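Engineer: Structure: structure.cif, mmCIF, C-alpha atoms.
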data_upload
loop_
_atom_site.label_atom_id
_atom_site.label_comp_id
_atom_site.auth_asym_id
_atom_site.auth_seq_id
_atom_site.Cartn_x
_atom_site.Cartn_y
_atom_site.Cartn_z
CA MET L 1092 -20.92 -37.94 -63.07
CA LEU L 1093 -17.45 -38.97 -64.24
CA GLY L 1094 -17.29 -35.86 -66.43
CA GLY L 1095 -17.97 -33.70 -63.39
CA VAL L 1096 -15.16 -35.38 -61.47
CA VAL L 1097 -12.73 -34.84 -64.35
CA VAL L 1098 -13.73 -31.17 -64.69
CA GLY L 1099 -13.45 -30.73 -60.92
CA MET L 1100 -9.98 -32.29 -60.85
CA GLY L 1101 -8.88 -30.09 -63.75
CA GLY L 1102 -10.13 -27.01 -61.93
CA ALA L 1103 -8.36 -28.06 -58.73
CA ALA L 1104 -5.11 -28.62 -60.60
CA TYR L 1105 -5.41 -25.22 -62.31
CA ALA L 1106 -6.02 -23.50 -58.95
CA ALA L 1107 -3.22 -25.37 -57.15
CA VAL L 1108 -0.33 -23.22 -58.42
CA PRO L 1109 -1.85 -19.83 -57.47
CA ALA L 1110 -3.04 -21.27 -54.15
CA TYR L 1111 0.45 -22.62 -53.37
CA ARG L 1112 2.06 -19.30 -54.37
CA LEU L 1113 -0.36 -17.44 -52.05
CA PHE L 1114 0.36 -19.89 -49.22
CA CYS L 1115 4.12 -19.34 -49.65
CA GLN L 1116 3.74 -15.55 -49.72
CA VAL L 1117 1.62 -15.52 -46.57
CA THR L 1118 3.74 -17.97 -44.57
CA GLY L 1119 7.22 -17.39 -46.01
CA PHE L 1120 7.37 -21.12 -46.74
CA GLY L 1121 10.42 -22.22 -48.74
CA GLY L 1122 12.18 -18.88 -48.44
CA THR L 1123 9.40 -16.94 -50.18
CA THR L 1124 9.48 -13.32 -49.12
CA ARG L 1125 6.53 -11.17 -48.16
CA ARG L 1126 5.29 -7.98 -49.78
CA ALA L 1127 4.70 -4.92 -47.62
CA HIS L 1128 3.41 -1.42 -48.30
CA THR L 1129 5.05 0.41 -45.41
CA VAL L 1130 8.12 0.00 -43.21
CA PRO L 1131 7.77 -0.81 -39.51
CA THR L 1132 7.78 2.01 -36.99
CA THR L 1133 10.10 0.01 -34.71
CA ILE L 1134 13.80 -0.30 -35.53
CA SER L 1135 15.95 -2.64 -33.46
CA ASP L 1136 19.57 -2.15 -32.49
CA ARG L 1137 20.33 -5.65 -33.82
CA VAL L 1138 22.14 -5.49 -37.15
CA ILE L 1139 21.70 -8.11 -39.85
CA LYS L 1140 23.61 -8.55 -43.09
CA VAL L 1141 21.69 -8.97 -46.33
CA GLN L 1142 23.67 -10.52 -49.18
CA PHE L 1143 22.61 -10.34 -52.82
CA ASP L 1144 22.81 -13.09 -55.43
CA ALA L 1145 21.87 -13.06 -59.13
CA ASN L 1146 21.37 -15.86 -61.64
CA THR L 1147 20.20 -15.94 -65.24
CA ASP L 1148 18.50 -18.84 -66.96
CA PRO L 1149 20.59 -19.91 -70.00
CA ALA L 1150 17.60 -19.24 -72.30
CA LEU L 1151 17.72 -15.53 -71.40
CA PRO L 1152 20.48 -13.58 -73.19
CA TRP L 1153 21.02 -11.14 -70.34
CA ARG L 1154 23.85 -10.32 -67.96
CA PHE L 1155 22.35 -9.86 -64.50
CA ARG L 1156 24.23 -8.98 -61.31
CA PRO L 1157 23.86 -7.20 -57.98
CA LYS L 1158 25.47 -3.75 -57.88
CA GLN L 1159 26.54 -4.44 -54.27
CA ARG L 1160 27.31 -7.77 -52.62
CA GLU L 1161 25.85 -7.01 -49.21
CA VAL L 1162 24.47 -4.36 -46.89
CA ALA L 1163 24.21 -4.24 -43.13
CA LEU L 1164 21.09 -2.73 -41.64
CA LYS L 1165 19.15 -2.73 -38.42
CA ILE L 1166 16.16 -5.03 -38.18
CA GLY L 1167 13.13 -2.90 -39.09
CA GLU L 1168 15.21 -0.40 -41.08
CA GLU L 1169 14.41 0.17 -44.75
CA GLY L 1170 17.08 -1.07 -47.15
CA LEU L 1171 17.67 -0.30 -50.81
CA ALA L 1172 19.72 -2.38 -53.21
CA PHE L 1173 20.25 -2.31 -56.96
CA TYR L 1174 20.70 -5.02 -59.53
CA GLU L 1175 21.85 -4.40 -63.08
CA ALA L 1176 20.55 -6.23 -66.14
CA GLU L 1177 21.86 -5.96 -69.68
CA ASN L 1178 20.33 -7.44 -72.81
CA LEU L 1179 23.16 -9.05 -74.76
CA SER L 1180 21.03 -9.87 -77.80
CA ASP L 1181 20.16 -7.85 -80.89
CA ALA L 1182 16.40 -7.84 -80.17
CA PRO L 1183 14.06 -6.83 -77.32
CA VAL L 1184 13.71 -9.57 -74.70
CA MET L 1185 11.25 -9.94 -71.81
CA GLY L 1186 12.31 -11.48 -68.51
CA GLN L 1187 10.69 -12.23 -65.16
CA ALA L 1188 12.63 -12.65 -61.93
CA GLY L 1189 11.90 -15.42 -59.49
CA PHE L 1190 13.26 -15.00 -55.96
CA ASN L 1191 13.80 -16.51 -52.56
CA VAL L 1192 15.85 -15.97 -49.44
CA SER L 1193 18.06 -18.22 -47.42
CA PRO L 1194 17.99 -19.48 -44.86
CA ALA L 1195 14.44 -20.45 -45.84
CA LYS L 1196 13.19 -19.82 -42.30
CA ALA L 1197 13.95 -16.10 -42.81
CA GLY L 1198 11.47 -15.82 -45.68
CA ARG L 1199 8.54 -14.96 -43.44
CA TYR L 1200 10.46 -11.98 -42.01
CA PHE L 1201 11.94 -10.58 -45.22
CA ASN L 1202 9.59 -8.00 -46.72
CA LYS L 1203 9.83 -6.24 -50.06
CA ILE L 1204 8.16 -2.87 -50.50
CA GLN L 1205 9.12 -2.30 -54.12
CA CYS L 1206 10.86 -4.69 -56.48
CA PHE L 1207 11.57 -5.16 -60.16
CA CYS L 1208 10.50 -8.76 -59.57
CA PHE L 1209 6.86 -7.73 -59.16
CA ASN L 1210 6.58 -7.20 -62.94
CA GLU L 1211 7.97 -8.56 -66.19
CA GLN L 1212 10.88 -6.50 -67.53
CA VAL L 1213 11.61 -5.77 -71.19
CA LEU L 1214 15.05 -4.66 -72.32
CA ALA L 1215 15.82 -3.42 -75.82
CA ALA L 1216 18.78 -4.82 -77.74
CA GLY L 1217 21.94 -3.80 -75.87
CA GLN L 1218 19.98 -1.96 -73.17
CA ARG L 1219 21.24 -1.88 -69.58
CA ALA L 1220 18.89 -1.17 -66.67
CA ASN L 1221 19.31 -0.52 -62.95
CA MET L 1222 16.69 -2.46 -61.02
CA PRO L 1223 15.97 -1.43 -57.42
CA VAL L 1224 14.55 -3.45 -54.57
CA THR L 1225 13.35 -1.78 -51.36
CA PHE L 1226 13.04 -4.09 -48.36
CA PHE L 1227 13.19 -4.56 -44.60
CA VAL L 1228 13.55 -7.39 -42.11
CA ASP L 1229 10.47 -7.52 -39.87
CA PRO L 1230 11.16 -6.82 -36.16
CA GLU L 1231 8.87 -9.78 -35.33
CA MET L 1232 11.94 -11.87 -36.16
CA LEU L 1233 13.35 -10.84 -32.77
CA ASP L 1234 10.49 -12.67 -31.02
CA ASP L 1235 11.21 -15.96 -32.80
CA PRO L 1236 13.83 -18.04 -30.92
CA ASN L 1237 14.39 -20.11 -34.09
CA MET L 1238 15.89 -16.98 -35.68
CA ASP L 1239 18.47 -16.24 -32.97
CA ASP L 1240 21.25 -17.88 -35.01
CA VAL L 1241 20.50 -15.90 -38.20
CA THR L 1242 23.01 -13.11 -38.76
CA THR L 1243 22.93 -13.09 -42.58
CA ILE L 1244 20.07 -13.37 -45.07
CA THR L 1245 20.76 -13.96 -48.75
CA LEU L 1246 18.31 -12.54 -51.29
CA SER L 1247 18.59 -14.46 -54.52
CA TYR L 1248 17.01 -13.76 -57.92
CA THR L 1249 16.93 -15.81 -61.07
CA PHE L 1250 15.75 -14.15 -64.28
CA PHE L 1251 13.84 -16.30 -66.77
CA ARG L 1252 12.92 -15.52 -70.35
CA GLN L 1253 9.27 -14.75 -71.04
CA ASP L 1254 7.63 -14.97 -74.43
CA MET L 1255 6.43 -11.67 -75.86
CA THR L 1256 3.25 -11.50 -77.90
CA GLU L 1257 3.27 -9.45 -81.11
CA GLU L 1258 1.09 -6.89 -79.33
CA GLU L 1259 3.56 -6.57 -76.42
CA LEU L 1260 6.46 -6.27 -78.84
CA SER L 1261 4.67 -3.54 -80.83
CA LYS L 1262 3.82 -1.58 -77.65
CA PHE L 1263 7.42 -1.86 -76.48
CA ARG L 1264 8.80 -0.64 -79.79
CA LEU L 1265 6.40 2.32 -79.76
CA SER L 1266 7.54 3.21 -76.24
CA GLN L 1267 11.15 3.31 -77.45
CA VAL L 1268 10.59 5.79 -80.30
CA GLY L 1269 12.84 8.80 -79.69
CA ASP L 1270 14.60 7.17 -76.72
CA ASP L 1271 18.31 7.01 -77.51
CA THR L 1272 19.40 5.95 -74.02
CA LYS L 1273 20.98 2.59 -73.49
CA THR L 1274 20.80 2.73 -69.68
CA ASN L 1275 17.77 3.40 -67.52
CA ASP L 1276 16.17 2.66 -64.20
CA VAL L 1277 13.11 0.44 -64.04
#
Output the file's structure in the form of structure tokens.
Structural biologist:
Amino acid sequence: MLGGVVVGMGGAAYAAVPAYRLFCQVTGFGGTTRRAHTVPTTISDRVIKVQFDANTDPALPWRFRPKQREVALKIGEEGLAFYEAENLSDAPVMGQAGFNVSPAKAGRYFNKIQCFCFNEQVLAAGQRANMPVTFFVDPEMLDDPNMDDVTTITLSYTFFRQDMTEEELSKFRLSQVGDDTKTNDV
């Protein structure tokens, strides 16, 4: 009996992180953005500014920055922004971007269609990459009186180092054979 309780608690703890992540993605809790596949058909006349922020964990030897500081777009309009990452080390390094928006209450209305943050990124030694994010602010925001005071949303990313297995490193090196470019788009 006690063994079953311990196994059950272990299973619940293991499932808690993915369940919490799903909860945040569905509700926008804590500034977590949503993922969308299409842009809305309705575009408002109300303009909102989206500012871009970039951070890098000290364990990751990359330079990471937004290519533009902000854009202004109409609510419901598709936006496109670019970040740039550069591997400052002498070896391939894998990174994964975590993200949020502020104010946190805007998270449920900020939707990403395509983003470098959906996947791990690998940069070769000295490689620089342009990383796009396609997004929109959901017109449903206009129906929420708690959002009337929001004129600016900040999209913030932090890149963290990810360990690469020998297999991942070998596949990456094979993909680089014959590629002399030091800059690319991901």
Engineer: How would you write as number ranges by chain the residues that get within 8 Å of (20.6, -14.3, -44.6) in the file's frame, counting all atoms listed in the file?
Structural biologist: L: 1139-1142, 1192-1194, 1197, 1241-1246
Engineer: Take the residues just selected and output them with C-alpha atoms as a tab-separated table (two decimals), keeping the file's coordinate frame.
Structural biologist:
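Saved to out.tsv:
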chain	number	residue	atom	x	y	z
L	1139	ILE	CA	21.70	-8.11	-39.85
L	1140	LYS	CA	23.61	-8.55	-43.09
L	1141	VAL	CA	21.69	-8.97	-46.33
L	1142	GLN	CA	23.67	-10.52	-49.18
L	1192	VAL	CA	15.85	-15.97	-49.44
L	1193	SER	CA	18.06	-18.22	-47.42
L	1194	PRO	CA	17.99	-19.48	-44.86
L	1197	ALA	CA	13.95	-16.10	-42.81
L	1241	VAL	CA	20.50	-15.90	-38.20
L	1242	THR	CA	23.01	-13.11	-38.76
L	1243	THR	CA	22.93	-13.09	-42.58
L	1244	ILE	CA	20.07	-13.37	-45.07
L	1245	THR	CA	20.76	-13.96	-48.75
L	1246	LEU	CA	18.31	-12.54	-51.29
Engineer: Which residue, L:Leu1265, L:Pro1236, L:Pro1223, L:Asp1254, has the smallest gap to Glu1211 (chain L) when you use all atoms listed in the file?
Structural biologist: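 Result for the nearest residue to Glu1211 (chain L): L:Asp1254.
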Engineer: Grab the CA of Leu1233 (chain L) to CA of Ser1247 (chain L) distance for me, in Å with one decimal place.
Structural biologist: 22.7 Å
Engineer: I'd like to know which of L:Phe1173, L:Asn1221, L:Gly1186, L:Arg1137 is closest to Asp1239 (chain L), using all atoms listed in the file.
Structural biologist: L:Arg1137
Engineer: Go through L:Ala1176, L:Ala1220, L:Ala1182, L:Ile1166 one by one, measure the shortest atom-to-atom distance of each to Val1130 (chain L) using all atoms listed in the file, and give the residue with the smallest value.
Structural biologist: L:Ile1166
Engineer: Neighbourhood query: residues within 6 Å of (17.4, -2.9, -52.8), file coordinates, counting all atoms listed in the file; return as a short mmCIF file (atom, residue, chain, number, x, y, z; two decimals) with C-alpha atoms, in the frame of the given file.
Structural biologist:
data_model
loop_
_atom_site.label_atom_id
_atom_site.label_comp_id
_atom_site.auth_asym_id
_atom_site.auth_seq_id
_atom_site.Cartn_x
_atom_site.Cartn_y
_atom_site.Cartn_z
CA GLY L 1170 17.08 -1.07 -47.15
CA LEU L 1171 17.67 -0.30 -50.81
CA ALA L 1172 19.72 -2.38 -53.21
CA PHE L 1173 20.25 -2.31 -56.96
CA PRO L 1223 15.97 -1.43 -57.42
CA VAL L 1224 14.55 -3.45 -54.57
CA THR L 1225 13.35 -1.78 -51.36
#
Engineer: Can I get region 1157-1168 of chain L with all heavy atoms filled in, as a PDB file, keeping the file's coordinate frame?
Structural biologist:
ATOM      1  N   PRO L1157      24.110  -8.217 -58.998  1.00  0.00           N
ATOM      2  CA  PRO L1157      23.860  -7.200 -57.980  1.00  0.00           C
ATOM      3  C   PRO L1157      24.911  -6.095 -58.086  1.00  0.00           C
ATOM      4  O   PRO L1157      26.072  -6.371 -58.411  1.00  0.00           O
ATOM      5  CB  PRO L1157      23.997  -7.961 -56.655  1.00  0.00           C
ATOM      6  CG  PRO L1157      24.854  -9.143 -56.977  1.00  0.00           C
ATOM      7  CD  PRO L1157      24.637  -9.455 -58.438  1.00  0.00           C
ATOM      8  N   LYS L1158      24.517  -4.862 -57.830  1.00  0.00           N
ATOM      9  CA  LYS L1158      25.470  -3.750 -57.880  1.00  0.00           C
ATOM     10  C   LYS L1158      26.277  -3.678 -56.589  1.00  0.00           C
ATOM     11  O   LYS L1158      27.300  -3.012 -56.538  1.00  0.00           O
ATOM     12  CB  LYS L1158      24.742  -2.429 -58.145  1.00  0.00           C
ATOM     13  CG  LYS L1158      23.982  -2.492 -59.456  1.00  0.00           C
ATOM     14  CD  LYS L1158      24.202  -1.518 -60.509  1.00  0.00           C
ATOM     15  CE  LYS L1158      25.154  -0.452 -60.458  1.00  0.00           C
ATOM     16  NZ  LYS L1158      25.113   0.433 -61.594  1.00  0.00           N
ATOM     17  N   GLN L1159      25.806  -4.321 -55.531  1.00  0.00           N
ATOM     18  CA  GLN L1159      26.540  -4.440 -54.270  1.00  0.00           C
ATOM     19  C   GLN L1159      26.368  -5.863 -53.790  1.00  0.00           C
ATOM     20  O   GLN L1159      25.376  -6.503 -54.068  1.00  0.00           O
ATOM     21  CB  GLN L1159      26.050  -3.436 -53.229  1.00  0.00           C
ATOM     22  CG  GLN L1159      24.605  -3.653 -52.775  1.00  0.00           C
ATOM     23  CD  GLN L1159      23.573  -3.252 -53.815  1.00  0.00           C
ATOM     24  OE1 GLN L1159      23.504  -2.097 -54.186  1.00  0.00           O
ATOM     25  NE2 GLN L1159      22.789  -4.197 -54.290  1.00  0.00           N
ATOM     26  N   ARG L1160      27.353  -6.373 -53.077  1.00  0.00           N
ATOM     27  CA  ARG L1160      27.310  -7.770 -52.620  1.00  0.00           C
ATOM     28  C   ARG L1160      26.534  -7.934 -51.318  1.00  0.00           C
ATOM     29  O   ARG L1160      25.924  -8.979 -51.093  1.00  0.00           O
ATOM     30  CB  ARG L1160      28.723  -8.329 -52.450  1.00  0.00           C
ATOM     31  CG  ARG L1160      29.369  -8.657 -53.761  1.00  0.00           C
ATOM     32  CD  ARG L1160      28.722  -9.880 -54.351  1.00  0.00           C
ATOM     33  NE  ARG L1160      29.157 -10.063 -55.735  1.00  0.00           N
ATOM     34  CZ  ARG L1160      28.498 -10.759 -56.614  1.00  0.00           C
ATOM     35  NH1 ARG L1160      27.363 -11.324 -56.295  1.00  0.00           N
ATOM     36  NH2 ARG L1160      28.939 -10.894 -57.821  1.00  0.00           N
ATOM     37  N   GLU L1161      26.591  -6.913 -50.463  1.00  0.00           N
ATOM     38  CA  GLU L1161      25.850  -7.010 -49.210  1.00  0.00           C
ATOM     39  C   GLU L1161      25.678  -5.639 -48.583  1.00  0.00           C
ATOM     40  O   GLU L1161      26.414  -4.697 -48.907  1.00  0.00           O
ATOM     41  CB  GLU L1161      26.510  -7.975 -48.226  1.00  0.00           C
ATOM     42  CG  GLU L1161      27.717  -7.461 -47.513  1.00  0.00           C
ATOM     43  CD  GLU L1161      28.275  -8.484 -46.506  1.00  0.00           C
ATOM     44  OE1 GLU L1161      28.157  -9.707 -46.720  1.00  0.00           O
ATOM     45  OE2 GLU L1161      28.846  -8.036 -45.511  1.00  0.00           O
ATOM     46  N   VAL L1162      24.675  -5.551 -47.716  1.00  0.00           N
ATOM     47  CA  VAL L1162      24.470  -4.360 -46.890  1.00  0.00           C
ATOM     48  C   VAL L1162      24.209  -4.833 -45.461  1.00  0.00           C
ATOM     49  O   VAL L1162      23.745  -5.950 -45.248  1.00  0.00           O
ATOM     50  CB  VAL L1162      23.278  -3.478 -47.374  1.00  0.00           C
ATOM     51  CG1 VAL L1162      23.519  -2.931 -48.766  1.00  0.00           C
ATOM     52  CG2 VAL L1162      21.962  -4.222 -47.297  1.00  0.00           C
ATOM     53  N   ALA L1163      24.525  -3.986 -44.525  1.00  0.00           N
ATOM     54  CA  ALA L1163      24.210  -4.240 -43.130  1.00  0.00           C
ATOM     55  C   ALA L1163      23.181  -3.198 -42.709  1.00  0.00           C
ATOM     56  O   ALA L1163      23.350  -2.009 -42.992  1.00  0.00           O
ATOM     57  CB  ALA L1163      25.460  -4.132 -42.259  1.00  0.00           C
ATOM     58  N   LEU L1164      22.101  -3.661 -42.095  1.00  0.00           N
ATOM     59  CA  LEU L1164      21.090  -2.730 -41.640  1.00  0.00           C
ATOM     60  C   LEU L1164      20.452  -3.259 -40.365  1.00  0.00           C
ATOM     61  O   LEU L1164      20.546  -4.450 -40.057  1.00  0.00           O
ATOM     62  CB  LEU L1164      20.033  -2.478 -42.715  1.00  0.00           C
ATOM     63  CG  LEU L1164      19.103  -3.607 -43.102  1.00  0.00           C
ATOM     64  CD1 LEU L1164      17.801  -3.011 -43.624  1.00  0.00           C
ATOM     65  CD2 LEU L1164      19.709  -4.444 -44.195  1.00  0.00           C
ATOM     66  N   LYS L1165      19.830  -2.348 -39.648  1.00  0.00           N
ATOM     67  CA  LYS L1165      19.150  -2.730 -38.420  1.00  0.00           C
ATOM     68  C   LYS L1165      17.828  -3.392 -38.767  1.00  0.00           C
ATOM     69  O   LYS L1165      17.180  -3.026 -39.760  1.00  0.00           O
ATOM     70  CB  LYS L1165      18.910  -1.501 -37.547  1.00  0.00           C
ATOM     71  CG  LYS L1165      20.192  -0.872 -37.037  1.00  0.00           C
ATOM     72  CD  LYS L1165      19.905   0.347 -36.200  1.00  0.00           C
ATOM     73  CE  LYS L1165      21.212   0.945 -35.691  1.00  0.00           C
ATOM     74  NZ  LYS L1165      20.959   2.151 -34.885  1.00  0.00           N
ATOM     75  N   ILE L1166      17.438  -4.353 -37.957  1.00  0.00           N
ATOM     76  CA  ILE L1166      16.160  -5.030 -38.180  1.00  0.00           C
ATOM     77  C   ILE L1166      15.048  -3.987 -38.024  1.00  0.00           C
ATOM     78  O   ILE L1166      14.997  -3.256 -37.038  1.00  0.00           O
ATOM     79  CB  ILE L1166      15.992  -6.209 -37.216  1.00  0.00           C
ATOM     80  CG1 ILE L1166      17.032  -7.282 -37.557  1.00  0.00           C
ATOM     81  CG2 ILE L1166      14.573  -6.750 -37.258  1.00  0.00           C
ATOM     82  CD1 ILE L1166      17.020  -8.486 -36.665  1.00  0.00           C
ATOM     83  N   GLY L1167      14.198  -3.898 -39.037  1.00  0.00           N
ATOM     84  CA  GLY L1167      13.130  -2.900 -39.090  1.00  0.00           C
ATOM     85  C   GLY L1167      13.471  -1.700 -39.947  1.00  0.00           C
ATOM     86  O   GLY L1167      12.594  -0.942 -40.340  1.00  0.00           O
ATOM     87  N   GLU L1168      14.758  -1.531 -40.264  1.00  0.00           N
ATOM     88  CA  GLU L1168      15.210  -0.400 -41.080  1.00  0.00           C
ATOM     89  C   GLU L1168      14.995  -0.705 -42.563  1.00  0.00           C
ATOM     90  O   GLU L1168      15.193  -1.825 -43.018  1.00  0.00           O
ATOM     91  CB  GLU L1168      16.702  -0.168 -40.805  1.00  0.00           C
ATOM     92  CG  GLU L1168      17.320   0.969 -41.566  1.00  0.00           C
ATOM     93  CD  GLU L1168      18.810   1.136 -41.243  1.00  0.00           C
ATOM     94  OE1 GLU L1168      19.425   0.224 -40.647  1.00  0.00           O
ATOM     95  OE2 GLU L1168      19.341   2.185 -41.607  1.00  0.00           O
TER      96      GLU L1168
END
